[in-house]
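S.K.: This is the structure, below, for whatever I ask next.
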Amino acid sequence: MVDVNSRIVGEVRVVGAGLLGASVGLGLRAKGVDVIVHDASPANLRLAIDYGAGRPARDTDNPTLIVVAVPPDVTAAVIAAELAAFPDALVTDVASVKAAPLAELLATGADVGRYIGSHPLAGRERGGAISARADLFIGRPWVITPHGPTPFGEVGVIEDLVLDLGAVPVTMTAEQHDSSVALVSHVPQVIASLLAARLNSAPESALSLAGQGLRDTTRIASSDPELWVQILGANSAEVVRILHAYREDLDAIVSALEAPDVAGARRAVAESLAAGNSGVSRIPGKHGQDRRFGQLVVMVDDKPGELARLLTEIGQAGVNMEDLRLEHSPGAQIGLAEISVLTEVEERLAAELEAGGWKIAGAWK
């Protein structure tokens, strides 16, 4: 179903038909926007068009907005080319590093007065148009990085794009953005990959014991190495700064555990773990709200219809489920559904589910 209440006026040209570009196209087309898709790879372009992300370019195209969604190492060059080819268009990009492309554009003398960087904090472990989704950006932060005396109206156009795609606009400088994503995205990718790499030499007997904790902490380790080499290289200074701090933290834990009976060693470990508790409590919840949710872990029999019945009963209890995670170990005849709800309804929901015959495996705040 097409929603014609788009804030964007005119044609939008999307350059790059991968996950983000195709998702932008799908989301805007759902709003009734005329989307032009371009990609250096004819095969990628045809696939994105087949999935409905937009139409091929025409000689008569006159886009009002261009969204560049190409790998980081060619982002600045493509932005410059688009600025030159379409002198009436405003250009943005979705690269995960902002300072480097802007510096490169300034060095080449490109018309950066019509360029405003941006970056949606959204993605999937798998790339390409085949993984694209019109709802990929809903509820996700989308950083806009104006530079210099950027006209307010031009920033407003990028905000319209963000809002049309269901994302939440956040304004930062390019430097603030790069420092922030190093902490919440780039370094976690490195840590998850290093953790997952330790599994390569692990015996099958050890891997058979893996639970949700390992799955959670290694989920992003399946991301594209080639893309991440580019991202990490473009933001290397910020990433290295944080990794040095991680190394100091690890050294402190190693020293404490090498001699756990030495005075103060156990306290050092406890304080490191407690600092983790404090840090995780600051991660925003659903829709960016900074509040804590309660979790109920419900045992679900491994048979058809049981999960659907659980979700139905949660709805009948008048409780909005904020998040859901499932764990099902191989060979087990039950699964565990971790239900996140507002803390004020957690106790009532637990009582109602138990009264309905559900077994609560755990509940905590």
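Identifiers in the structure tokens: chain A, B, ... in order shown; residue index from 1 per chain; ligand index from 1 in order shown.
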Taking only range 216-338 of chain A into account, list the residues labelled helix (DSSP H, G or I) by DSSP (computed from the backbone), as a ChimeraX atom specification.

M.R.: /A:216-222,225-234,236-258,265-280,286-288,306-316

S.K.: Sort by chain and increasing residue number a table of all residues of range 2-53 of chain A within 10 Å of range 89-107 of chain A, each with its closest pair of atoms and their distance in Å to one decimal, counting only C-alpha atoms, and write it as a Markdown table.

M.R.:
| residue | atom | partner | partner_atom | distance |
| --- | --- | --- | --- | --- |
| A:Glu11 | CA | A:Ala89 | CA | 9.7 |
| A:Val12 | CA | A:Ala89 | CA | 9.2 |
| A:Arg13 | CA | A:Val91 | CA | 9.3 |
| A:Val14 | CA | A:Asp93 | CA | 9.4 |
| A:Val15 | CA | A:Asp93 | CA | 9.1 |
| A:Leu20 | CA | A:Val94 | CA | 7.7 |
| A:Gly21 | CA | A:Val94 | CA | 8.5 |
| A:Val24 | CA | A:Val94 | CA | 10.0 |

S.K.: Please produce a file of the residues just selected, as a PDB file, in the first residue's frame, where the atoms kept are C-alpha atoms.

M.R.:
ATOM      1  CA  GLU A  11      12.640  12.964  -7.703  1.00  0.00           C
ATOM      2  CA  VAL A  12      15.145  11.254  -5.451  1.00  0.00           C
ATOM      3  CA  ARG A  13      18.206   9.641  -7.004  1.00  0.00           C
ATOM      4  CA  VAL A  14      19.799   6.814  -4.998  1.00  0.00           C
ATOM      5  CA  VAL A  15      23.362   5.951  -6.006  1.00  0.00           C
ATOM      6  CA  LEU A  20      21.097   0.787   2.537  1.00  0.00           C
ATOM      7  CA  GLY A  21      20.499   2.252  -0.913  1.00  0.00           C
ATOM      8  CA  VAL A  24      16.048   3.892   1.072  1.00  0.00           C
TER       9      VAL A  24
END

S.K.: Could you give me, as a ChimeraX atom specification, the residues within 10 Å of range 181-197 of chain A, counting only C-alpha atoms and dropping anything in the same chain fewer than 3 positions from it?

M.R.: /A:96-97,121,176-178,200-202,214-223,225,228,231-232,235-243,246,283

S.K.: Those same residues, written as a short mmCIF file (atom, residue, chain, number, x, y, z; two decimals), in the first residue's frame with C-alpha atoms?

M.R.:
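Ended up saving to result.cif:
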data_model
loop_
_atom_site.label_atom_id
_atom_site.label_comp_id
_atom_site.auth_asym_id
_atom_site.auth_seq_id
_atom_site.Cartn_x
_atom_site.Cartn_y
_atom_site.Cartn_z
CA SER A 96 29.32 5.40 8.46
CA VAL A 97 32.23 7.88 8.70
CA LEU A 121 22.32 3.82 12.46
CA GLN A 176 31.11 14.25 17.09
CA HIS A 177 29.55 11.60 14.87
CA ASP A 178 32.81 9.78 14.21
CA ASN A 200 37.62 -21.37 15.34
CA SER A 201 39.92 -23.64 17.36
CA ALA A 202 37.29 -24.66 19.92
CA LEU A 214 27.58 -15.99 23.21
CA ARG A 215 25.08 -15.53 20.39
CA ASP A 216 24.30 -11.99 21.54
CA THR A 217 27.93 -10.94 21.86
CA THR A 218 29.02 -12.42 18.51
CA ARG A 219 25.98 -11.65 16.34
CA ILE A 220 27.63 -8.83 14.40
CA ALA A 221 30.80 -10.88 13.83
CA SER A 222 29.25 -12.23 10.62
CA SER A 223 29.44 -8.77 8.99
CA PRO A 225 35.06 -8.00 6.37
CA TRP A 228 34.57 -3.11 7.75
CA ILE A 231 35.07 1.72 7.82
CA LEU A 232 37.73 1.05 10.44
CA ASN A 235 37.83 6.17 11.42
CA SER A 236 41.07 4.63 12.67
CA ALA A 237 42.14 7.43 15.03
CA GLU A 238 38.92 7.29 17.07
CA VAL A 239 38.84 3.48 17.04
CA VAL A 240 42.47 3.19 18.17
CA ARG A 241 41.88 5.65 21.01
CA ILE A 242 39.09 3.49 22.43
CA LEU A 243 40.93 0.22 21.81
CA TYR A 246 40.05 -1.45 26.26
CA ILE A 283 21.71 2.11 26.61
#

S.K.: Compare A:Leu310, A:Leu161, A:Val35, A:Ala355 by their minimum atom-to-atom distance to Glu338 in chain A, counting only C-alpha atoms, and give me the closest one.

M.R.: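 Counting only C-alpha atoms, the residue closest to Glu338 in chain A is A:Leu310.
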
S.K.: Residues at most 12 Å from Gly357 in chain A, counting only C-alpha atoms, excluding those fewer than 6 positions away in the same chain, as a list in words?

M.R.: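 So the residues in contact are Val298, Met299, Val300, Asp301, Arg309, Leu310, Glu313, Ala350 and Ala351 of chain A.
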
S.K.: Using only C-alpha atoms, find the one residue out of A:Leu273, A:Thr64, A:Leu199, A:Gly356 that sits nearest to Val157 in chain A.

M.R.: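 Nearest candidate to Val157 in chain A out of A:Leu273, A:Thr64, A:Leu199, A:Gly356: A:Thr64.
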